[in-house]
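I have placed the structure first, in the form of structure tokens, so that the comments after it can refer back to it.
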Amino acid sequence: MADALRNLLEVRDLHVAFRTSRGKVQAISGVSFDVAPGEVLGVVGESGSGKTISLLAVMGLITDPNAEITGSIRFRGKELLGASNKELRSIRGREIAMIFQDPMTSLTPVYTIGWQIAEQVRAHGPETAKQARDRAVELLTAVGLPNPGEAVDRYPHQLSGGMRQRAVIAMALSCNPALLVADEPTTALDVTVQAQILDLLARLRRDFGSAIVFITHDMGVIAEIADRVLVMYAGRVVERANKRDIFLEPRHPYTHALLQSIPPITGDRPRRLKSIAGTPPSLFAMPSGCAFGPRCTSRVAACSAVPGLTGEPAHQAACFVTGMR
Amino acid sequence: MAETVMTGEMQEGGGVKPRASGAQGPWALAFRKLTADRAAMVALAALILIALICIAAPLYASWSHTDPFRSNLDGQVMVDGKLVAALEQSTEGLGLGYTPVGPTWQLGNYFLGADNQGRDVFARLLYAGRNSLLIASGATLFTLIMATIVGASAGFFGGITDAVISRVLDILWAFPIYLLAICLSVVLINQSMKIGPITIDSGSLLLPIFIIGIVYVPYVARPIRGQVLSLRRSEFVLAAIGLGVPSSRILFRDILPNVLPTLIVFIPIMMAIDMLVEAALSFLSIGVQQPDASWGTIIQDGVGLLYTRPWVALSGGIAIALTVLALNVFGDGVRDALDPKAKLRIGAK
Amino acid sequence: MLLPVLKRLGDMVVAMFGISVLVFLIFFAIPGAEPASRIAGRNASPETVAAVRLSFGLDQPLPVQYLIMMKKLFITQDLTSFVNRGYKVIPAVMNAAPITLSLVAGAALIWIVFGLLIGVLAAAFKNTWIDRLLMVMSLIGISMPAFWLGAVINLFTQSRWHDYWLFSWVPPLGYKPFVESPKLWALTLVLPCFSLAVGYIGIYGRVLRANIVEAMQEDYIRTARAKGVSESRILIRHALRTSLISVVTLFGLDFGQLVGGVAVLTEIVFALQGVGKITFDGLLNLDLPVIMAAVLYSALFVVICNALVDMLYILIDPRERTDG
């Protein structure tokens, strides 16, 4: 593993469980990953695979009193699990910022864009109201919102989806965070707007130097923006590698299946896209052994045990059949 | 805060949200949820108890040999082994007024004392409960039926029908409720009223039932209208219309059953409101008419004796407060069981 | 911004017209007794009934009768009682209006302050004993008849514990105009306002708690947390602020309704000569012109309140502004 100080974020053996009326539900089991400064880590997986929950845990945003979180989350070498609310608050929004999926619902409807950006600026700095507003205009300019001097006084409902997401990104960037967590920031947008937002994020990463954790279920988006990729399935990391390796030499059958479900850009068009047979397991009825087992075409006897991540540090997969290669 | 996380992705993933197990229908599920709600069950038991006690009023009256409706100006009461006049000449001031006997705290013997007619307050309290409960139930039934007819026609037929009905409902809704009731009763109270074949006599309980029932029709009809309207535009109804299913069948088979949970949620809420309105109208002497009693008239009697015999007013009010409290708690339970998203508020107006 | 305001003003006129027609129909068109003998009161002489018939133009068609009634009420304002001959009704209602307004405004002030307090506290301490205690108290407050609570308050503050230090400040029942003695004006109103407010405190506390708890599950609350905003600020500036929108609507309806609602009974219990008490006296004397005037002026007030609230709504909810 890489040198501790070189990594911005180190997550080790993260477990998240929820106590429910129907017993304890394990949402995340032993997830580990690192984020280096300035890199883009793509986290990919189906709905319910635990991508969002693991990053919410990093942000300390799981407020459910029935949640049990164990493991270690270190940011710049400092343990975040068990940190006081006040400590977390000084990191949230200032050092780690988050962009959520739906820009329509993630802004408070009764305040202007400018107010909401200024709120974040002033939560972490000594800026006056005037300075915070100027900063908001500056940020809105940076994210390419047309006419930022006027947009700053607009309410969320007065902007289009793409504009709104730009405003959310501007807000997230307001304190020059070292790490930006983007939770499916393009899913709720039109395809053309999606591309613009991806371009914007790539540009901002250059200009602001933030590392980005990009959560998505879309391998196409991963191909566009990620440096390294983390593939999650049913609360576990099943494969991690750099982008090139994931796309050219996928090891886990699930990754393989994911890649087959996107249409190729070159070459012959397949008659049918392959979909993955079966459905992701319910957290209430997790299969014993490899969680992907019931849907896997290469299943062997060994798969009745839970596979661990194996392989060289730069490319690991959790599969008995293909992982050792 | 489970929801903050759960809405993220786990629900779509089919994970955490517990699903109805087996082939249970929504009604069975709601019923199970209601019976598991301890507060609601205690409230329901209290309501049943109160209703039973009030229904048994004649038993109490015959057992204690009192006639709670006849003035008993020179009756006598046994207190601590001595016979005392039910109405004693006031010793204060000019000695013109009479003070009724106070509570003896002996069941069957002027338990709560007498009112200014010398009548047994406790026996009257029981009979009053019958009237209060009857009026509340009757008015609720009237409101729900009228509101369903009006709201469903507006929502289902739309167009001009809807525009006219909605306007009328808005106007009724803007009308201050007690003033509307006062207007109606000042005109109706001293004469009988004929609605088709039904004649309502001036002292009849039907009058307060009608007045209370009618003023709350907009309160129920507006949400029903909204619901029917959205059902009318829903795909399964559009499909049924496309298939040529007759309107009446759509209304009774597809729409009304979907409105039923809302109506049921309204029952305890409306009964609680109606109890309070009945008390207010009777206090204004435009509800239940003497010598009949309701909990409102008992308070009215009691306010005149407030400083000398406070238990008359206190008992009437406590009876109302307990019953309404039980209705509200039970209503919360019914709402949570049937329609947790319902934005109905108790105690409106 | 102008167009929605004009639309609300239009709604207001329509509502007022509808209410006045309804009142007119109740008094002049419900079959049974002849309207003239109703208006003339109990045991009226034939001459009085004839005078009523002349005065209200009862031999003319209904629309004309309606216009005569409205003219007497709002234009010439010379509606007189036939039970108390020569008693001018409109000035009596006007003189009583400040009393009712003081009562209702005082009650509104109390219920807003305490309703907000209870709603925010209960939501902040959701599912703890503080929450449960506040919610049980609210429910009890909602379940009591307000006029009965007033009578019970009188029992203790006027009689039983009047000499006890806690209640020795309570003045005798009745009303003192503000111009005579602001202090007595306030003191006489405290308890009536409070008794009127209790039920609404309960309703608003419950509604607000439910709204805040619901708002706290919205995505934008998670965004605010991710921004590093403090929990208390999230509760007040985000969750409470968005919850207030629906509460303001309720408030407008309730404030207007109170004038012709429970306040009538509270005035009677506390011997305040407000519009409600005048209406009640009119009812006891079967003096219909009094009721007519009280009802229509109260309704006018309600309608104006509703219109004002609709406009306030445009101010506090940016989504309602259509100029965006």
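Residue numbering restarts at 1 for every chain of the structure tokens, chains are lettered A, B, ... in their displayed order, and ligands are numbered from 1 as they appear.
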Shell of 10 Å around stretch 180-185 of chain B, only C-alpha atoms, local chain residues under 5 positions omitted, as number ranges by chain: B: 172, 175, 190-191, 202, 207-208, 210-212, 214-215, 277, 281, 284-287; C: 19, 22-23, 26-27, 30, 260-261, 279-280, 282-283, 288, 291-292, 295, 299
Using only N, CA and C atoms, please write the residues we just selected to a file, as a tab-separated table (two decimals), in the first residue's frame.
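Now in again-v7.tsv:
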chain	number	residue	atom	x	y	z
B	172	LEU	N	-68.06	28.85	1.70
B	172	LEU	CA	-68.47	28.28	2.99
B	172	LEU	C	-67.27	28.22	3.93
B	175	PHE	N	-66.38	31.27	5.74
B	175	PHE	CA	-67.42	31.74	6.65
B	175	PHE	C	-67.06	31.33	8.08
B	190	ASN	N	-86.75	28.42	16.28
B	190	ASN	CA	-88.09	28.51	16.81
B	190	ASN	C	-89.15	28.02	15.85
B	191	GLN	N	-88.71	27.32	14.83
B	191	GLN	CA	-89.69	26.80	13.90
B	191	GLN	C	-89.22	25.43	13.45
B	202	SER	N	-88.25	21.97	16.35
B	202	SER	CA	-87.30	22.97	16.82
B	202	SER	C	-86.41	22.44	17.94
B	207	LEU	N	-81.43	19.04	14.51
B	207	LEU	CA	-81.05	20.41	14.15
B	207	LEU	C	-79.57	20.65	14.39
B	208	PRO	N	-79.06	20.43	15.62
B	208	PRO	CA	-77.60	20.58	15.78
B	208	PRO	C	-76.80	19.62	14.90
B	210	PHE	N	-77.58	18.64	11.93
B	210	PHE	CA	-77.58	19.23	10.60
B	210	PHE	C	-76.65	20.44	10.54
B	211	ILE	N	-76.76	21.31	11.55
B	211	ILE	CA	-75.96	22.54	11.50
B	211	ILE	C	-74.47	22.23	11.58
B	212	ILE	N	-74.09	21.38	12.56
B	212	ILE	CA	-72.67	21.04	12.71
B	212	ILE	C	-72.18	20.28	11.50
B	214	ILE	N	-73.24	20.38	8.40
B	214	ILE	CA	-73.13	21.13	7.14
B	214	ILE	C	-71.92	22.06	7.15
B	215	VAL	N	-71.59	22.66	8.32
B	215	VAL	CA	-70.50	23.65	8.28
B	215	VAL	C	-69.15	22.99	8.05
B	277	VAL	N	-67.60	21.45	18.92
B	277	VAL	CA	-68.54	22.41	18.35
B	277	VAL	C	-69.91	22.25	19.00
B	281	LEU	N	-71.98	25.19	20.73
B	281	LEU	CA	-73.33	25.60	20.33
B	281	LEU	C	-74.32	25.45	21.48
B	284	LEU	N	-73.97	28.22	23.73
B	284	LEU	CA	-74.62	29.41	23.19
B	284	LEU	C	-76.14	29.26	23.17
B	285	SER	N	-76.64	28.15	23.73
B	285	SER	CA	-78.05	27.79	23.77
B	285	SER	C	-78.67	27.64	22.38
B	286	ILE	N	-77.85	27.28	21.38
B	286	ILE	CA	-78.42	26.96	20.07
B	286	ILE	C	-78.13	25.52	19.69
B	287	GLY	N	-77.75	24.71	20.67
B	287	GLY	CA	-77.52	23.31	20.38
B	287	GLY	C	-78.66	22.50	20.95
C	19	ILE	N	-70.50	35.16	0.44
C	19	ILE	CA	-70.91	35.09	1.84
C	19	ILE	C	-72.13	35.97	2.08
C	22	LEU	N	-75.16	34.34	0.80
C	22	LEU	CA	-75.53	33.22	1.67
C	22	LEU	C	-76.26	33.72	2.92
C	23	VAL	N	-75.69	34.75	3.56
C	23	VAL	CA	-76.34	35.31	4.75
C	23	VAL	C	-77.73	35.83	4.38
C	26	ILE	N	-80.10	32.99	4.01
C	26	ILE	CA	-80.48	32.40	5.30
C	26	ILE	C	-81.56	33.24	5.98
C	27	PHE	N	-81.38	34.57	5.95
C	27	PHE	CA	-82.32	35.42	6.68
C	27	PHE	C	-83.61	35.69	5.92
C	30	ILE	N	-85.11	31.41	3.71
C	30	ILE	CA	-85.42	30.10	4.26
C	30	ILE	C	-86.92	30.05	4.55
C	260	GLY	N	-64.91	34.89	14.29
C	260	GLY	CA	-66.28	34.38	14.36
C	260	GLY	C	-66.32	32.99	14.94
C	261	GLY	N	-65.22	32.58	15.57
C	261	GLY	CA	-65.15	31.22	16.09
C	261	GLY	C	-65.19	31.21	17.60
C	279	THR	N	-73.16	39.58	19.17
C	279	THR	CA	-73.89	38.58	18.38
C	279	THR	C	-74.71	37.68	19.30
C	280	PHE	N	-74.11	37.28	20.41
C	280	PHE	CA	-74.79	36.40	21.35
C	280	PHE	C	-76.02	37.10	21.93
C	282	GLY	N	-77.68	39.45	20.52
C	282	GLY	CA	-78.63	39.49	19.42
C	282	GLY	C	-79.36	38.17	19.30
C	283	LEU	N	-78.63	37.09	19.52
C	283	LEU	CA	-79.22	35.75	19.43
C	283	LEU	C	-80.25	35.55	20.54
C	288	LEU	N	-82.37	40.00	14.71
C	288	LEU	CA	-81.64	39.60	13.52
C	288	LEU	C	-80.73	40.67	12.91
C	291	ILE	N	-77.31	40.47	14.36
C	291	ILE	CA	-76.55	39.31	13.91
C	291	ILE	C	-76.06	39.51	12.47
C	292	MET	N	-76.97	40.05	11.65
C	292	MET	CA	-76.62	40.33	10.27
C	292	MET	C	-75.36	41.18	10.19
C	295	VAL	N	-72.21	39.39	11.68
C	295	VAL	CA	-71.74	38.29	10.84
C	295	VAL	C	-71.05	38.84	9.60
C	299	ALA	N	-67.24	38.48	8.67
C	299	ALA	CA	-66.86	37.76	7.45
C	299	ALA	C	-65.95	38.61	6.59
Using only C-alpha atoms, which residues of chain A come within 12 Å of chain B, and what is the closest atom pair for each, with the distance in Å to one decimal? Give it as a Markdown table, sorted by chain and residue number.
| residue | atom | partner | partner_atom | distance |
| --- | --- | --- | --- | --- |
| A:Val16 | CA | B:Val5 | CA | 11.4 |
| A:Ala17 | CA | B:Val16 | CA | 10.7 |
| A:Phe18 | CA | B:Ala2 | CA | 8.6 |
| A:Arg19 | CA | B:Ala2 | CA | 9.8 |
| A:Thr20 | CA | B:Val16 | CA | 7.9 |
| A:Ser21 | CA | B:Pro18 | CA | 8.2 |
| A:Arg22 | CA | B:Pro18 | CA | 7.4 |
| A:Gly23 | CA | B:Val16 | CA | 10.3 |
| A:Lys24 | CA | B:Val16 | CA | 9.8 |
| A:Val25 | CA | B:Val16 | CA | 7.4 |
| A:Gln26 | CA | B:Val16 | CA | 9.8 |
| A:Ala27 | CA | B:Met10 | CA | 8.6 |
| A:Ile28 | CA | B:Met10 | CA | 11.4 |
| A:Gly45 | CA | B:Glu9 | CA | 11.3 |
| A:Glu46 | CA | B:Gly13 | CA | 8.1 |
| A:Ser47 | CA | B:Gly13 | CA | 5.3 |
| A:Gly48 | CA | B:Gly13 | CA | 4.4 |
| A:Ser49 | CA | B:Gly13 | CA | 7.9 |
| A:Gly50 | CA | B:Met10 | CA | 7.9 |
| A:Lys51 | CA | B:Glu9 | CA | 8.8 |
| A:Thr52 | CA | B:Gly8 | CA | 7.0 |
| A:Ile53 | CA | B:Val5 | CA | 7.1 |
| A:Ser54 | CA | B:Val5 | CA | 10.7 |
| A:Leu55 | CA | B:Val5 | CA | 11.1 |
| A:Leu56 | CA | B:Val5 | CA | 8.2 |
| A:Ala57 | CA | B:Val5 | CA | 9.9 |
| A:Gly60 | CA | B:Val5 | CA | 11.4 |
| A:Leu61 | CA | B:Val5 | CA | 8.3 |
| A:Ile62 | CA | B:Val5 | CA | 6.3 |
| A:Thr63 | CA | B:Met1 | CA | 5.7 |
| A:Asp64 | CA | B:Met1 | CA | 4.4 |
| A:Pro65 | CA | B:Met1 | CA | 6.8 |
| A:Asn66 | CA | B:Ala2 | CA | 7.2 |
| A:Ala67 | CA | B:Ala2 | CA | 8.1 |
| A:Glu68 | CA | B:Ala2 | CA | 11.9 |
| A:Phe100 | CA | B:Gly8 | CA | 9.7 |
| A:Gln101 | CA | B:Gly8 | CA | 9.2 |
| A:Asp102 | CA | B:Gly8 | CA | 10.7 |
| A:Asp183 | CA | B:Gly8 | CA | 9.8 |
| A:Glu184 | CA | B:Gly8 | CA | 11.0 |
| A:Ile215 | CA | B:Glu9 | CA | 12.0 |
| A:Thr216 | CA | B:Glu9 | CA | 11.7 |
| A:His217 | CA | B:Glu9 | CA | 11.6 |
| A:Tyr233 | CA | B:Gly13 | CA | 11.5 |
| A:Ala234 | CA | B:Gly13 | CA | 9.8 |
| A:Gly235 | CA | B:Met10 | CA | 10.8 |
| A:Thr279 | CA | B:Gly13 | CA | 9.3 |
| A:Pro280 | CA | B:Gly13 | CA | 7.5 |
| A:Pro281 | CA | B:Gly15 | CA | 8.1 |
| A:Ser282 | CA | B:Gly15 | CA | 4.9 |
| A:Leu283 | CA | B:Gly15 | CA | 4.9 |
| A:Phe284 | CA | B:Gly15 | CA | 6.5 |
| A:Ala285 | CA | B:Gly15 | CA | 8.9 |
| A:Met286 | CA | B:Gly15 | CA | 10.0 |
Selected residues written out with C-alpha atoms, as an mmCIF file, in the first residue's frame:
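Contents of selection-v5.cif, freshly written:
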data_model
loop_
_atom_site.group_PDB
_atom_site.id
_atom_site.type_symbol
_atom_site.label_atom_id
_atom_site.label_comp_id
_atom_site.auth_asym_id
_atom_site.auth_seq_id
_atom_site.Cartn_x
_atom_site.Cartn_y
_atom_site.Cartn_z
ATOM 1 C CA VAL A 16 -21.768 -0.202 8.316
ATOM 2 C CA ALA A 17 -24.784 -2.034 9.735
ATOM 3 C CA PHE A 18 -28.316 -0.905 10.509
ATOM 4 C CA ARG A 19 -30.459 -2.329 13.256
ATOM 5 C CA THR A 20 -33.955 -2.744 11.839
ATOM 6 C CA SER A 21 -37.170 -4.327 13.009
ATOM 7 C CA ARG A 22 -36.185 -7.376 10.972
ATOM 8 C CA GLY A 23 -32.732 -7.772 12.466
ATOM 9 C CA LYS A 24 -29.366 -6.299 11.723
ATOM 10 C CA VAL A 25 -28.613 -5.459 8.138
ATOM 11 C CA GLN A 26 -25.028 -5.300 6.963
ATOM 12 C CA ALA A 27 -24.854 -2.548 4.359
ATOM 13 C CA ILE A 28 -21.059 -2.298 4.066
ATOM 14 C CA GLY A 45 -21.776 -0.360 -8.702
ATOM 15 C CA GLU A 46 -25.511 -0.945 -8.937
ATOM 16 C CA SER A 47 -28.035 0.757 -6.683
ATOM 17 C CA GLY A 48 -27.785 -0.716 -3.224
ATOM 18 C CA SER A 49 -24.168 -1.805 -3.625
ATOM 19 C CA GLY A 50 -23.163 0.546 -0.814
ATOM 20 C CA LYS A 51 -21.283 3.160 -2.813
ATOM 21 C CA THR A 52 -23.204 6.096 -1.371
ATOM 22 C CA ILE A 53 -23.322 4.727 2.165
ATOM 23 C CA SER A 54 -19.556 4.247 2.349
ATOM 24 C CA LEU A 55 -18.950 7.830 1.292
ATOM 25 C CA LEU A 56 -21.675 9.147 3.625
ATOM 26 C CA ALA A 57 -19.845 7.304 6.387
ATOM 27 C CA GLY A 60 -19.961 11.487 8.987
ATOM 28 C CA LEU A 61 -23.390 12.010 7.441
ATOM 29 C CA ILE A 62 -24.992 8.769 8.596
ATOM 30 C CA THR A 63 -27.155 10.225 11.321
ATOM 31 C CA ASP A 64 -29.358 7.184 11.825
ATOM 32 C CA PRO A 65 -29.151 6.290 15.525
ATOM 33 C CA ASN A 66 -29.553 2.642 14.506
ATOM 34 C CA ALA A 67 -26.391 2.648 12.429
ATOM 35 C CA GLU A 68 -23.253 0.868 13.616
ATOM 36 C CA PHE A 100 -25.447 15.077 -4.479
ATOM 37 C CA GLN A 101 -27.390 13.385 -7.193
ATOM 38 C CA ASP A 102 -30.452 15.546 -7.594
ATOM 39 C CA ASP A 183 -22.542 11.213 -5.763
ATOM 40 C CA GLU A 184 -23.949 10.541 -9.235
ATOM 41 C CA ILE A 215 -19.796 7.696 -7.475
ATOM 42 C CA THR A 216 -21.722 6.362 -10.457
ATOM 43 C CA HIS A 217 -23.387 3.308 -11.916
ATOM 44 C CA TYR A 233 -21.128 -5.188 -5.193
ATOM 45 C CA ALA A 234 -23.462 -5.913 -2.269
ATOM 46 C CA GLY A 235 -21.511 -3.879 0.245
ATOM 47 C CA THR A 279 -31.031 -9.132 -9.404
ATOM 48 C CA PRO A 280 -28.673 -7.802 -6.721
ATOM 49 C CA PRO A 281 -29.224 -9.613 -3.427
ATOM 50 C CA SER A 282 -31.478 -8.115 -0.780
ATOM 51 C CA LEU A 283 -29.596 -6.963 2.284
ATOM 52 C CA PHE A 284 -32.066 -8.995 4.319
ATOM 53 C CA ALA A 285 -31.195 -12.196 2.460
ATOM 54 C CA MET A 286 -27.525 -12.093 1.624
#
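Near C:Leu189, within a cut-off of 9 Å and counting only C-alpha atoms, sit the residues Ser102, Leu103, Gly106, Gly174, Tyr175, Lys176, Leu184, Trp185, Ala186, Leu187, Leu191, Pro192, Cys193 and Phe194 of chain C, with same-chain residues fewer than 2 positions away left out.
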Same residues, N, CA and C atoms, output as an mmCIF file, in the first residue's frame:
data_model
loop_
_atom_site.group_PDB
_atom_site.id
_atom_site.type_symbol
_atom_site.label_atom_id
_atom_site.label_comp_id
_atom_site.auth_asym_id
_atom_site.auth_seq_id
_atom_site.Cartn_x
_atom_site.Cartn_y
_atom_site.Cartn_z
ATOM 1 N N SER C 102 -58.390 43.000 19.911
ATOM 2 C CA SER C 102 -57.364 42.882 20.959
ATOM 3 C C SER C 102 -57.282 41.445 21.425
ATOM 4 N N LEU C 103 -58.446 40.862 21.672
ATOM 5 C CA LEU C 103 -58.489 39.486 22.183
ATOM 6 C C LEU C 103 -57.835 38.531 21.194
ATOM 7 N N GLY C 106 -54.044 39.225 20.666
ATOM 8 C CA GLY C 106 -53.270 38.770 21.831
ATOM 9 C C GLY C 106 -53.134 37.260 21.821
ATOM 10 N N GLY C 174 -64.078 41.861 32.569
ATOM 11 C CA GLY C 174 -64.489 43.039 31.817
ATOM 12 C C GLY C 174 -63.328 43.568 31.020
ATOM 13 N N TYR C 175 -63.561 44.683 30.342
ATOM 14 C CA TYR C 175 -62.556 45.198 29.416
ATOM 15 C C TYR C 175 -62.258 46.642 29.757
ATOM 16 N N LYS C 176 -60.990 47.004 29.704
ATOM 17 C CA LYS C 176 -60.605 48.417 29.863
ATOM 18 C C LYS C 176 -59.985 48.863 28.553
ATOM 19 N N LEU C 184 -54.074 48.203 32.577
ATOM 20 C CA LEU C 184 -55.271 47.403 32.863
ATOM 21 C C LEU C 184 -55.777 46.698 31.610
ATOM 22 N N TRP C 185 -55.639 47.397 30.476
ATOM 23 C CA TRP C 185 -56.040 46.807 29.195
ATOM 24 C C TRP C 185 -55.310 45.482 28.995
ATOM 25 N N ALA C 186 -53.996 45.534 29.218
ATOM 26 C CA ALA C 186 -53.201 44.327 29.025
ATOM 27 C C ALA C 186 -53.570 43.276 30.060
ATOM 28 N N LEU C 187 -53.708 43.696 31.336
ATOM 29 C CA LEU C 187 -53.977 42.720 32.392
ATOM 30 C C LEU C 187 -55.310 42.018 32.190
ATOM 31 N N LEU C 191 -55.479 36.687 30.493
ATOM 32 C CA LEU C 191 -56.075 35.364 30.690
ATOM 33 C C LEU C 191 -57.058 34.979 29.583
ATOM 34 N N PRO C 192 -57.932 35.889 29.149
ATOM 35 C CA PRO C 192 -58.784 35.518 28.006
ATOM 36 C C PRO C 192 -57.962 35.092 26.789
ATOM 37 N N CYS C 193 -56.915 35.870 26.478
ATOM 38 C CA CYS C 193 -56.088 35.525 25.322
ATOM 39 C C CYS C 193 -55.452 34.154 25.528
ATOM 40 N N PHE C 194 -54.959 33.937 26.727
ATOM 41 C CA PHE C 194 -54.291 32.675 26.995
ATOM 42 C C PHE C 194 -55.260 31.501 26.818
#
Test item: chain B residues at most 6 Å from chain C, counting only C-alpha atoms, as an NGL selection string: :B and (4 or 171 or 176-179 or 276 or 321 or 324-325)
Test item: chain C residues at most 6 Å from chain A, counting only C-alpha atoms, as an NGL selection string: :C and (219-220 or 223 or 226-228 or 324)
Could the residues in this selection be saved with C-alpha atoms as a tab-separated table (two decimals), in the first residue's frame?
chain	number	residue	atom	x	y	z
C	219	ASP	CA	-32.01	16.17	0.64
C	220	TYR	CA	-31.21	19.80	1.25
C	223	THR	CA	-26.50	19.18	1.73
C	226	ALA	CA	-22.24	18.33	4.11
C	227	LYS	CA	-21.52	22.06	4.02
C	228	GLY	CA	-20.45	21.97	7.65
C	324	GLY	CA	-38.94	34.25	-12.25
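Interatomic distance, atom CA of C:Pro63 to atom CA of B:Arg167: 20.4 Å.
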Long-range neighbours of B:Ser282 as an NGL selection string, 9 Å cut-off, only C-alpha atoms, 4 positions minimum in chain: :B and (208 or 277-278 or 286-289 or 293-300)
Take the residues from that selection and write them out as a compact mmCIF listing (two decimals), in the first residue's frame, keeping C-alpha atoms.
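Heads up, here's the output in selection-v4.txt:
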# COMPACT_ATOMS: atom_id res chain seq x y z
CA PRO B 208 -77.60 20.58 15.78
CA VAL B 277 -68.54 22.41 18.35
CA GLU B 278 -71.60 20.78 19.90
CA ILE B 286 -78.42 26.96 20.07
CA GLY B 287 -77.52 23.31 20.38
CA VAL B 288 -79.35 20.85 22.58
CA GLN B 289 -82.41 22.48 24.14
CA ALA B 293 -78.90 17.86 28.21
CA SER B 294 -75.57 17.62 26.49
CA TRP B 295 -72.15 18.15 27.97
CA GLY B 296 -72.28 21.66 26.54
CA THR B 297 -75.53 22.52 28.35
CA ILE B 298 -74.07 21.13 31.58
CA ILE B 299 -71.20 23.57 31.25
CA GLN B 300 -73.72 26.30 30.50
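When atom CA of C:Ile304 is paired with atom CA of C:Leu9, their separation reads 8.9 Å.
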Selection: 10 Å around stretch 71-78 of chain A, only C-alpha atoms, excl. self and same-chain fewer than 6 positions, as a ChimeraX atom specification: /A:4-16,29-35,37,57-60,91,95-96,178-179
Stretch 236-243 of chain A environment, 8 Å, only C-alpha atoms, sequence neighbours closer than 5 positions dropped, as a PyMOL selection string: chain A and resi 28-32+49-50+222-223+226-231+251-252+255+309+314-319
Please write the residues from the selection above to a file, keeping C-alpha atoms, as a tab-separated table (two decimals), in the first residue's frame.
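For reference, out_35.tsv as written:
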chain	number	residue	atom	x	y	z
A	28	ILE	CA	-21.06	-2.30	4.07
A	29	SER	CA	-18.68	-5.16	4.88
A	30	GLY	CA	-14.97	-4.49	5.09
A	31	VAL	CA	-14.52	-1.79	2.50
A	32	SER	CA	-11.01	-0.35	2.16
A	49	SER	CA	-24.17	-1.81	-3.62
A	50	GLY	CA	-23.16	0.55	-0.81
A	222	ILE	CA	-16.02	6.24	-15.39
A	223	ALA	CA	-14.22	5.96	-18.71
A	226	ALA	CA	-11.67	8.38	-13.48
A	227	ASP	CA	-7.97	7.64	-12.86
A	228	ARG	CA	-8.59	4.61	-10.69
A	229	VAL	CA	-11.74	2.55	-10.27
A	230	LEU	CA	-13.36	0.78	-7.34
A	231	VAL	CA	-16.07	-1.71	-8.26
A	251	ARG	CA	-10.82	-9.74	-13.49
A	252	HIS	CA	-14.04	-9.97	-11.53
A	255	THR	CA	-16.85	-6.05	-13.70
A	309	LEU	CA	-9.23	-9.23	-2.51
A	314	ALA	CA	-2.30	-1.98	-8.23
A	315	HIS	CA	-4.95	-4.40	-9.39
A	316	GLN	CA	-6.95	-6.57	-7.01
A	317	ALA	CA	-10.13	-8.56	-7.37
A	318	ALA	CA	-12.25	-10.65	-5.01
A	319	CYS	CA	-12.82	-13.80	-7.03
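Of the listed residues (B:Gly242, B:Pro291, B:Gly129, B:Gly158), B:Gly129 comes nearest to B:Leu47; the distances count only C-alpha atoms.
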Selection near stretch 226-241 of chain B, 7 Å with only C-alpha atoms, sequence-local residues under 4 positions removed, as an MDAnalysis selection string: chainID B and resid 152 155:156 222 245 255
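Between atom CA of B:Ala114 and atom CA of B:Gly102 lies a distance of 6.5 Å.
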